[in-house]
Amino acid sequence: MRTTFRTLWIALSIAFVSACSETPEEQSAAKTIRATIGSGAKIALGSRTALEEDGFSIRWATDDKIALWAIDGSGNATLAAHTFTMYHYNATYGNAKFTADIPEMPAGEYTYCAVSPAPAAANVNGTQASFDIPATQNGTFDGRYDIMVAAADQTAGALEEGDNSERVNLQFVHKVHLLQIAIPANKMGTPITSLELTFPTAVTGRLTVDAANPEADPVLSGGSNVLTLNFDEPKDAGDIVYAMIAPTTIADTENISIKAYASGLTSVPVNMFKEGFTGRKFAAGHATPINLTVPELYKFTQLIFSVGANNLGEAPQTITLTVSSGRFPDGSTSKTITTNSTNSYSIDYEGDYTDNISGKTITVTYDSEHARVSNTFVMPTVKSFQKTVVNPLTVPYLFFEDFSTIHTAFEFDDAKVSSLMSADGHLLNDYITTQGWNGAHIKGVVGQSVRVNVRHQSTMGVTRSNGRLDSPAMTALKSAAKLRVTFDMGAYVNSGYSSNNDVFCIAGTHTKSTSSAIDGVVNTKAFGNVNADTSRIPSQFSTVTLTTGTIPASFNDNSFGATFPTYSFTANNCTSATRFGWIPCCSQSTWASPNNAHYYLYIDNIKVSIAQ
């Protein structure tokens, strides 16, 4: 539909989709005729009697459509919401003719009723038709929302081929209310991009009318009391905008609040009615002219936060934001927010705003039932008197290490040699930024991963020296919890043996202090094959959490930083003192000849979260 403005004249469109009562088989079997009906004098849109007369009137536009019912003397619909399209103006724009191809009608008297615009077939129920008045409009007059019903039932004979406009000539009445908002002045000082009108009652939603009962009030359902006009082009002083609403009546004690928006800025809200104003009926078929002087800028600055990914495993109960330098505008250095189901949190400031947090590092502390974890982000540029939406916060793991924090390479008893090596433990605080790591038979490469090995030596007997990797304590735990640990691991065998070069890993928990180095394990058997690692290594742990079985030796001697398969385990009753340990083991049945071998495990991307 097209909308035409000429001074204060508005071209209203009328668009409907037909829904015929006949089946396709019946229509194809019946003779089809082309019938024309008419619409009478111009479609008047009255103004509020309580306000000045504003001279609105409506005219048809090309391709407007109406939906027509023809009901016979038995109450059956020979035509049901059948679509007729406007094809010809008469002497005046309000006088037009509509045409459609219809099945030939049996002779007899019919009652004709109609609605405009044509509803979707799914929105027709008998003679009732439903239309959606959107809560967001663009401020132009849109005939799709100008819902009309033929003013009175017309009784006439069957429609015939050709022009029937003398016998069926429909007069339409409007079932919506039109708002015409003029902007005489704009105190915000910048063109506005939208208006938000908040009513005390619903004014948008699904509006249902009855074509057979044009005097009945329309029924609104599923509505909203907030109407937003988002303009295609900014508006300023001298502009006029329009909106369609469902008819409503507002009590003398109620009001309509209007706010303007411009480039992220918001105006002070203003009430439409002054004190003592009466006659607040927004009747169907009438228009209300509104003179809106856009008020001054509302000095309101808002920071909006939300939580995105949650790696902790349980929801935080509070979130505390602490600025590293500078202060929040109220002088504080931290803000604590209690979480809610909406996952939307704001810090609001009313009045003049002095920014001292843009670009600052913010430490975010998340308190959950069992843990307290933290990370940081850089505050974006805060826009004064606007909303600043911070990227969703990410709740960190209870513990995470990808060994990108190795700043200095290290190697302890890692190389293959001809004699058994020491299994001494080493604190790794001088090499890894994260404090509390321990290792034996271990090597680390800057920014990549670590490698732990088990040394196997045989000369008419077997000696093994097992390395180990021990994490820091889980100090972020506040109370005992079940934890889930995932990690990446790959194997490489540096061996002179030709068979049974099997390597596996045993993992577990312990609570040994992070201030003392923990040695690997040296175990010597004088005779026979020794495949008993599974019985002697668990003694190093308070709880064994994982025995992997044989790991494919698919990596090489320099696979630091490679992508490895992922393994996982859970550990019950963990506390803030709990540490996790990984010990490489091997099974080697060839022992009779003197030979030596190294079995390597690469370990990376350790992630610990709370298991639900």
# chains A, B, ... in the order shown; residues from 1 in each chain; ligands from 1

call {"tool": "residues_around", "arguments": {"residues": "Pro106 of chain A", "least_positions_apart": "3", "cutoff": "12 Å", "atoms": "only C-alpha atoms", "output": "ChimeraX atom specification"}}
result
/A:30-31,70-73,77-79,102-103,109-110,157-160

call {"tool": "residues_around", "arguments": {"residues": "Gly359 of chain A", "least_positions_apart": "6", "cutoff": "10 Å", "atoms": "only C-alpha atoms", "output": "PDB file with all heavy atoms, in the first residue's frame"}}
result
ATOM      1  N   PHE A 377      39.119  -7.610  33.236  1.00  0.00           N
ATOM      2  CA  PHE A 377      38.814  -7.096  31.899  1.00  0.00           C
ATOM      3  C   PHE A 377      39.124  -5.604  31.908  1.00  0.00           C
ATOM      4  O   PHE A 377      39.272  -4.984  32.974  1.00  0.00           O
ATOM      5  CB  PHE A 377      37.362  -7.364  31.497  1.00  0.00           C
ATOM      6  CG  PHE A 377      36.351  -6.476  32.190  1.00  0.00           C
ATOM      7  CD1 PHE A 377      35.914  -5.290  31.618  1.00  0.00           C
ATOM      8  CD2 PHE A 377      35.836  -6.829  33.426  1.00  0.00           C
ATOM      9  CE1 PHE A 377      34.988  -4.481  32.248  1.00  0.00           C
ATOM     10  CE2 PHE A 377      34.908  -6.029  34.077  1.00  0.00           C
ATOM     11  CZ  PHE A 377      34.486  -4.845  33.478  1.00  0.00           C
ATOM     12  N   VAL A 378      39.219  -5.033  30.724  1.00  0.00           N
ATOM     13  CA  VAL A 378      39.474  -3.603  30.591  1.00  0.00           C
ATOM     14  C   VAL A 378      38.149  -2.908  30.306  1.00  0.00           C
ATOM     15  O   VAL A 378      37.438  -3.259  29.354  1.00  0.00           O
ATOM     16  CB  VAL A 378      40.497  -3.317  29.475  1.00  0.00           C
ATOM     17  CG1 VAL A 378      40.664  -1.801  29.279  1.00  0.00           C
ATOM     18  CG2 VAL A 378      41.840  -3.963  29.809  1.00  0.00           C
ATOM     19  N   MET A 379      37.803  -1.939  31.148  1.00  0.00           N
ATOM     20  CA  MET A 379      36.541  -1.222  30.982  1.00  0.00           C
ATOM     21  C   MET A 379      36.563  -0.452  29.659  1.00  0.00           C
ATOM     22  O   MET A 379      37.522   0.270  29.366  1.00  0.00           O
ATOM     23  CB  MET A 379      36.345  -0.237  32.141  1.00  0.00           C
ATOM     24  CG  MET A 379      35.053   0.567  32.058  1.00  0.00           C
ATOM     25  SD  MET A 379      33.569  -0.420  32.327  1.00  0.00           S
ATOM     26  CE  MET A 379      33.680  -0.720  34.098  1.00  0.00           C
ATOM     27  N   PRO A 380      35.534  -0.628  28.825  1.00  0.00           N
ATOM     28  CA  PRO A 380      35.481   0.167  27.589  1.00  0.00           C
ATOM     29  C   PRO A 380      35.249   1.632  27.899  1.00  0.00           C
ATOM     30  O   PRO A 380      35.032   2.015  29.058  1.00  0.00           O
ATOM     31  CB  PRO A 380      34.291  -0.444  26.837  1.00  0.00           C
ATOM     32  CG  PRO A 380      33.421  -1.004  27.921  1.00  0.00           C
ATOM     33  CD  PRO A 380      34.363  -1.494  28.996  1.00  0.00           C
ATOM     34  N   THR A 381      35.283   2.443  26.874  1.00  0.00           N
ATOM     35  CA  THR A 381      35.030   3.870  27.054  1.00  0.00           C
ATOM     36  C   THR A 381      33.590   4.079  27.512  1.00  0.00           C
ATOM     37  O   THR A 381      32.647   3.632  26.857  1.00  0.00           O
ATOM     38  CB  THR A 381      35.271   4.632  25.748  1.00  0.00           C
ATOM     39  OG1 THR A 381      36.636   4.460  25.354  1.00  0.00           O
ATOM     40  CG2 THR A 381      34.974   6.114  25.921  1.00  0.00           C
ATOM     41  N   VAL A 382      33.434   4.706  28.654  1.00  0.00           N
ATOM     42  CA  VAL A 382      32.104   4.957  29.199  1.00  0.00           C
ATOM     43  C   VAL A 382      31.550   6.222  28.562  1.00  0.00           C
ATOM     44  O   VAL A 382      32.205   7.269  28.546  1.00  0.00           O
ATOM     45  CB  VAL A 382      32.155   5.103  30.732  1.00  0.00           C
ATOM     46  CG1 VAL A 382      30.765   5.427  31.279  1.00  0.00           C
ATOM     47  CG2 VAL A 382      32.690   3.832  31.363  1.00  0.00           C
TER      48      VAL A 382
END

call {"tool": "atom_distance", "arguments": {"atom1": "atom CA of Glu196 of chain A", "atom2": "atom CA of Ile290 of chain A"}}
result
14.0 Å

call {"tool": "residues_around", "arguments": {"residues": "Ser404 of chain A", "least_positions_apart": "3", "cutoff": "8 Å", "atoms": "only C-alpha atoms", "output": "list in words"}}
result
Glu401, His407, Val446, Gly447, Gln448 and Ser449 of chain A

call {"tool": "write_last_selection", "arguments": {"atoms": "N, CA and C atoms", "output": "tab-separated table (two decimals), in the first residue's frame"}}
result
chain	number	residue	atom	x	y	z
A	401	GLU	N	45.37	-24.11	33.57
A	401	GLU	CA	46.77	-23.92	33.19
A	401	GLU	C	46.98	-24.49	31.79
A	407	HIS	N	57.70	-18.99	31.48
A	407	HIS	CA	58.49	-17.87	30.96
A	407	HIS	C	59.97	-18.22	30.81
A	446	VAL	N	59.00	-22.80	26.86
A	446	VAL	CA	58.37	-21.50	27.07
A	446	VAL	C	57.06	-21.40	26.27
A	447	GLY	N	55.98	-21.09	26.99
A	447	GLY	CA	54.69	-20.82	26.37
A	447	GLY	C	53.99	-21.99	25.75
A	448	GLN	N	54.46	-23.24	26.00
A	448	GLN	CA	53.86	-24.37	25.29
A	448	GLN	C	53.29	-25.43	26.22
A	449	SER	N	54.04	-26.43	26.61
A	449	SER	CA	53.52	-27.51	27.44
A	449	SER	C	54.67	-28.14	28.21

call {"tool": "select_by_dssp", "arguments": {"residues": "segment 15-258 of chain A", "states": "helix (DSSP H, G or I)", "output": "compact mmCIF listing (two decimals) with N, CA and C atoms, in the first residue's frame"}}
result
# COMPACT_ATOMS: atom_id res chain seq x y z
N PRO A 24 -11.12 -25.80 -3.19
CA PRO A 24 -10.61 -25.62 -4.56
C PRO A 24 -11.38 -26.43 -5.58
N GLU A 25 -11.86 -27.66 -5.20
CA GLU A 25 -12.59 -28.49 -6.15
C GLU A 25 -13.92 -27.83 -6.51
N GLU A 26 -14.58 -27.26 -5.46
CA GLU A 26 -15.87 -26.61 -5.72
C GLU A 26 -15.70 -25.38 -6.59
N GLN A 27 -14.59 -24.62 -6.33
CA GLN A 27 -14.37 -23.42 -7.13
C GLN A 27 -14.11 -23.75 -8.58
N SER A 28 -13.35 -24.80 -8.84
CA SER A 28 -13.01 -25.14 -10.21
C SER A 28 -14.24 -25.66 -10.95
N ALA A 29 -15.18 -26.28 -10.19
CA ALA A 29 -16.37 -26.82 -10.83
C ALA A 29 -17.40 -25.73 -11.10
N ALA A 121 -5.47 -15.46 6.11
CA ALA A 121 -6.51 -16.48 6.24
C ALA A 121 -6.52 -17.10 7.63
N ALA A 122 -5.33 -17.27 8.20
CA ALA A 122 -5.24 -17.90 9.52
C ALA A 122 -5.84 -17.02 10.61
N ASN A 123 -6.06 -15.73 10.32
CA ASN A 123 -6.57 -14.79 11.31
C ASN A 123 -8.05 -14.52 11.15
N GLY A 143 -1.09 2.19 6.54
CA GLY A 143 -2.44 1.70 6.39
C GLY A 143 -2.63 0.26 6.79
N ARG A 144 -1.55 -0.51 6.92
CA ARG A 144 -1.69 -1.90 7.37
C ARG A 144 -2.29 -1.98 8.76
N TYR A 145 -2.13 -0.90 9.52
CA TYR A 145 -2.62 -0.91 10.90
C TYR A 145 -3.90 -0.08 11.06

call {"tool": "closest_residue", "arguments": {"among": "A:Thr36, A:Ala96, A:Lys274, A:Gln128", "to": "Val168 of chain A", "atoms": "only C-alpha atoms"}}
result
A:Thr36

call {"tool": "select_by_dssp", "arguments": {"residues": "segment 62-300 of chain A", "states": "strand (DSSP E or B)", "output": "ChimeraX atom specification"}}
result
/A:65-71,77-89,96-103,109-116,124-125,128-133,136-137,148-150,154-157,162-163,169-170,172-174,177-182,186,192-198,204-210,219-224,226-235,240-245,248-249,257-262,265-267,270-271,281-282,286-291,294,297,300

call {"tool": "write_last_selection", "arguments": {"atoms": "C-alpha atoms", "output": "short mmCIF file (atom, residue, chain, number, x, y, z; two decimals), in the first residue's frame"}}
result
data_model
loop_
_atom_site.label_atom_id
_atom_site.label_comp_id
_atom_site.auth_asym_id
_atom_site.auth_seq_id
_atom_site.Cartn_x
_atom_site.Cartn_y
_atom_site.Cartn_z
CA LYS A 65 -7.79 -4.60 -0.58
CA ILE A 66 -10.89 -5.35 1.41
CA ALA A 67 -12.33 -8.69 2.59
CA LEU A 68 -16.00 -9.27 1.80
CA TRP A 69 -18.54 -11.66 3.33
CA ALA A 70 -21.84 -12.53 1.58
CA ILE A 71 -24.18 -14.28 4.02
CA ALA A 77 -21.31 -17.55 4.02
CA THR A 78 -21.37 -17.89 0.25
CA LEU A 79 -18.36 -15.59 0.27
CA ALA A 80 -16.15 -15.60 3.37
CA ALA A 81 -13.41 -12.95 3.67
CA HIS A 82 -13.07 -12.96 -0.11
CA THR A 83 -10.47 -10.42 -1.26
CA PHE A 84 -11.55 -7.52 -3.47
CA THR A 85 -8.87 -5.19 -4.85
CA MET A 86 -9.32 -1.47 -5.51
CA TYR A 87 -8.96 -0.81 -9.21
CA HIS A 88 -10.74 2.49 -9.94
CA TYR A 89 -11.26 5.86 -8.28
CA ALA A 96 -13.77 3.82 -5.34
CA LYS A 97 -14.59 0.46 -6.89
CA PHE A 98 -13.20 -2.94 -5.90
CA THR A 99 -13.17 -6.04 -8.03
CA ALA A 100 -12.60 -9.79 -7.61
CA ASP A 101 -13.08 -13.08 -9.38
CA ILE A 102 -15.72 -15.02 -7.47
CA PRO A 103 -17.74 -18.22 -7.99
CA GLU A 109 -30.81 -11.97 -0.89
CA TYR A 110 -27.46 -11.63 0.88
CA THR A 111 -26.12 -9.58 3.73
CA TYR A 112 -22.77 -8.04 2.79
CA CYS A 113 -20.16 -7.06 5.36
CA ALA A 114 -16.46 -6.27 5.04
CA VAL A 115 -13.22 -5.40 6.82
CA SER A 116 -10.09 -3.61 5.71
CA VAL A 124 -10.19 -15.25 10.20
CA ASN A 125 -12.72 -17.04 12.39
CA GLN A 128 -14.19 -12.18 13.06
CA ALA A 129 -10.80 -10.99 11.82
CA SER A 130 -7.64 -10.31 13.81
CA PHE A 131 -4.82 -7.86 13.07
CA ASP A 132 -1.52 -7.08 14.78
CA ILE A 133 -0.80 -3.52 15.90
CA THR A 136 7.34 -0.76 17.41
CA GLN A 137 6.38 1.53 14.52
CA MET A 148 -11.77 -0.67 9.43
CA VAL A 149 -15.15 -2.39 9.33
CA ALA A 150 -17.97 -1.65 6.85
CA GLN A 154 -25.96 -4.07 3.32
CA THR A 155 -28.65 -6.36 1.96
CA ALA A 156 -28.70 -6.95 -1.75
CA GLY A 157 -29.09 -9.67 -4.31
CA GLY A 162 -19.80 -6.53 -13.99
CA ASP A 163 -20.49 -3.48 -11.86
CA ASN A 169 -21.60 0.31 -1.78
CA LEU A 170 -19.70 0.02 1.53
CA PHE A 172 -16.20 2.04 6.45
CA VAL A 173 -15.53 3.09 10.05
CA HIS A 174 -12.14 3.02 11.74
CA HIS A 177 -7.03 5.52 17.09
CA LEU A 178 -4.50 7.75 15.35
CA LEU A 179 -1.86 9.79 17.18
CA GLN A 180 -0.46 12.80 15.34
CA ILE A 181 2.62 14.06 17.18
CA ALA A 182 3.97 17.47 16.18
CA ASN A 186 13.59 20.20 20.62
CA ILE A 192 15.83 12.53 17.84
CA THR A 193 15.89 8.97 16.53
CA SER A 194 12.98 7.50 18.49
CA LEU A 195 10.13 8.21 20.86
CA GLU A 196 8.91 5.90 23.62
CA LEU A 197 5.34 6.34 24.86
CA THR A 198 4.34 4.48 28.03
CA THR A 204 -0.72 -2.53 20.94
CA GLY A 205 -1.12 -6.24 20.31
CA ARG A 206 -3.68 -8.36 18.46
CA LEU A 207 -6.92 -6.48 17.69
CA THR A 208 -10.01 -8.51 16.75
CA VAL A 209 -13.08 -7.01 15.02
CA ASP A 210 -16.35 -8.54 13.86
CA VAL A 219 -10.99 -6.66 21.44
CA LEU A 220 -7.25 -6.33 22.23
CA SER A 221 -5.20 -9.31 23.42
CA GLY A 222 -1.55 -10.01 24.16
CA GLY A 223 -0.80 -6.32 24.19
CA SER A 224 1.91 -3.98 25.42
CA VAL A 226 4.85 0.67 25.65
CA LEU A 227 4.82 2.06 22.10
CA THR A 228 8.16 2.79 20.44
CA LEU A 229 8.55 4.89 17.31
CA ASN A 230 11.90 4.22 15.63
CA PHE A 231 12.30 6.76 12.84
CA ASP A 232 13.90 5.91 9.50
CA GLU A 233 15.35 9.43 9.55
CA PRO A 234 15.99 11.58 12.68
CA LYS A 235 13.27 14.09 13.53
CA ILE A 240 5.20 15.51 12.51
CA VAL A 241 5.04 11.77 13.20
CA TYR A 242 2.16 9.30 13.45
CA ALA A 243 1.22 6.16 15.39
CA MET A 244 -1.71 3.75 15.44
CA ILE A 245 -3.00 2.45 18.77
CA THR A 248 -8.48 3.02 25.12
CA THR A 249 -9.64 5.30 27.90
CA SER A 257 4.92 9.25 29.73
CA ILE A 258 6.96 10.19 26.67
CA LYS A 259 10.75 9.95 26.31
CA ALA A 260 12.89 10.89 23.34
CA TYR A 261 16.15 9.24 22.28
CA ALA A 262 18.95 10.63 20.15
CA LEU A 265 21.03 9.99 24.66
CA THR A 266 17.71 10.10 26.50
CA SER A 267 15.46 13.02 27.29
CA VAL A 270 7.49 14.20 30.13
CA ASN A 271 3.81 13.60 30.91
CA LYS A 281 -10.73 8.95 25.71
CA PHE A 282 -8.79 7.63 22.74
CA HIS A 286 -10.68 9.50 16.04
CA ALA A 287 -7.32 11.20 16.10
CA THR A 288 -5.42 12.92 18.87
CA PRO A 289 -3.03 15.72 17.88
CA ILE A 290 -0.15 16.08 20.35
CA ASN A 291 2.27 18.99 20.56
CA VAL A 294 11.14 17.47 23.31
CA LEU A 297 18.69 15.81 28.11
CA PHE A 300 21.72 9.52 33.34
#

call {"tool": "atom_distance", "arguments": {"atom1": "atom CA of Tyr567 of chain A", "atom2": "atom CA of Ile583 of chain A"}}
result
14.2 Å

call {"tool": "residues_around", "arguments": {"residues": "Ser422 of chain A", "least_positions_apart": "6", "cutoff": "12 Å", "atoms": "only C-alpha atoms", "output": "VMD selection string"}}
result
chain A and resid 412 to 415 440 to 442 453 to 455 464 to 467 519 to 523

call {"tool": "closest_residue", "arguments": {"among": "A:Asn343, A:Val389, A:Cys585, A:Ser332", "to": "Val452 of chain A", "atoms": "only C-alpha atoms"}}
result
A:Cys585

call {"tool": "residues_around", "arguments": {"residues": "Ile357 of chain A", "least_positions_apart": "2", "cutoff": "7 Å", "atoms": "only C-alpha atoms", "output": "PyMOL selection string"}}
result
chain A and resi 326-328+355+359-360+379

call {"tool": "write_last_selection", "arguments": {"atoms": "N, CA, C and O atoms", "output": "mmCIF file, in the first residue's frame"}}
result
data_model
loop_
_atom_site.group_PDB
_atom_site.id
_atom_site.type_symbol
_atom_site.label_atom_id
_atom_site.label_comp_id
_atom_site.auth_asym_id
_atom_site.auth_seq_id
_atom_site.Cartn_x
_atom_site.Cartn_y
_atom_site.Cartn_z
ATOM 1 N N GLY A 326 42.012 4.621 40.000
ATOM 2 C CA GLY A 326 40.839 5.445 39.779
ATOM 3 C C GLY A 326 39.691 4.990 40.657
ATOM 4 O O GLY A 326 39.833 4.106 41.505
ATOM 5 N N ARG A 327 38.529 5.589 40.430
ATOM 6 C CA ARG A 327 37.369 5.293 41.262
ATOM 7 C C ARG A 327 36.096 5.374 40.432
ATOM 8 O O ARG A 327 36.057 6.041 39.396
ATOM 9 N N PHE A 328 35.072 4.683 40.932
ATOM 10 C CA PHE A 328 33.755 4.866 40.351
ATOM 11 C C PHE A 328 33.278 6.280 40.692
ATOM 12 O O PHE A 328 33.768 6.896 41.641
ATOM 13 N N ASP A 355 34.141 10.861 34.236
ATOM 14 C CA ASP A 355 34.647 9.513 33.954
ATOM 15 C C ASP A 355 36.054 9.327 34.512
ATOM 16 O O ASP A 355 36.954 10.109 34.214
ATOM 17 N N GLY A 359 38.948 2.488 30.256
ATOM 18 C CA GLY A 359 40.281 1.973 29.987
ATOM 19 C C GLY A 359 40.992 1.395 31.191
ATOM 20 O O GLY A 359 42.128 0.928 31.065
ATOM 21 N N LYS A 360 40.329 1.386 32.359
ATOM 22 C CA LYS A 360 40.961 0.851 33.565
ATOM 23 C C LYS A 360 40.777 -0.668 33.632
ATOM 24 O O LYS A 360 39.799 -1.221 33.139
ATOM 25 N N MET A 379 37.803 -1.939 31.148
ATOM 26 C CA MET A 379 36.541 -1.222 30.982
ATOM 27 C C MET A 379 36.563 -0.452 29.659
ATOM 28 O O MET A 379 37.522 0.270 29.366
#

call {"tool": "residues_around", "arguments": {"residues": "Tyr345 of chain A", "least_positions_apart": "5", "cutoff": "7 Å", "atoms": "only C-alpha atoms", "output": "ChimeraX atom specification"}}
result
/A:304-306

call {"tool": "residues_around", "arguments": {"residues": "Glu350 of chain A", "least_positions_apart": "5", "cutoff": "9 Å", "atoms": "only C-alpha atoms", "output": "PyMOL selection string"}}
result
chain A and resi 298-302+385

call {"tool": "atom_distance", "arguments": {"atom1": "atom CA of Ile603 of chain A", "atom2": "atom CA of Ile537 of chain A"}}
result
18.4 Å
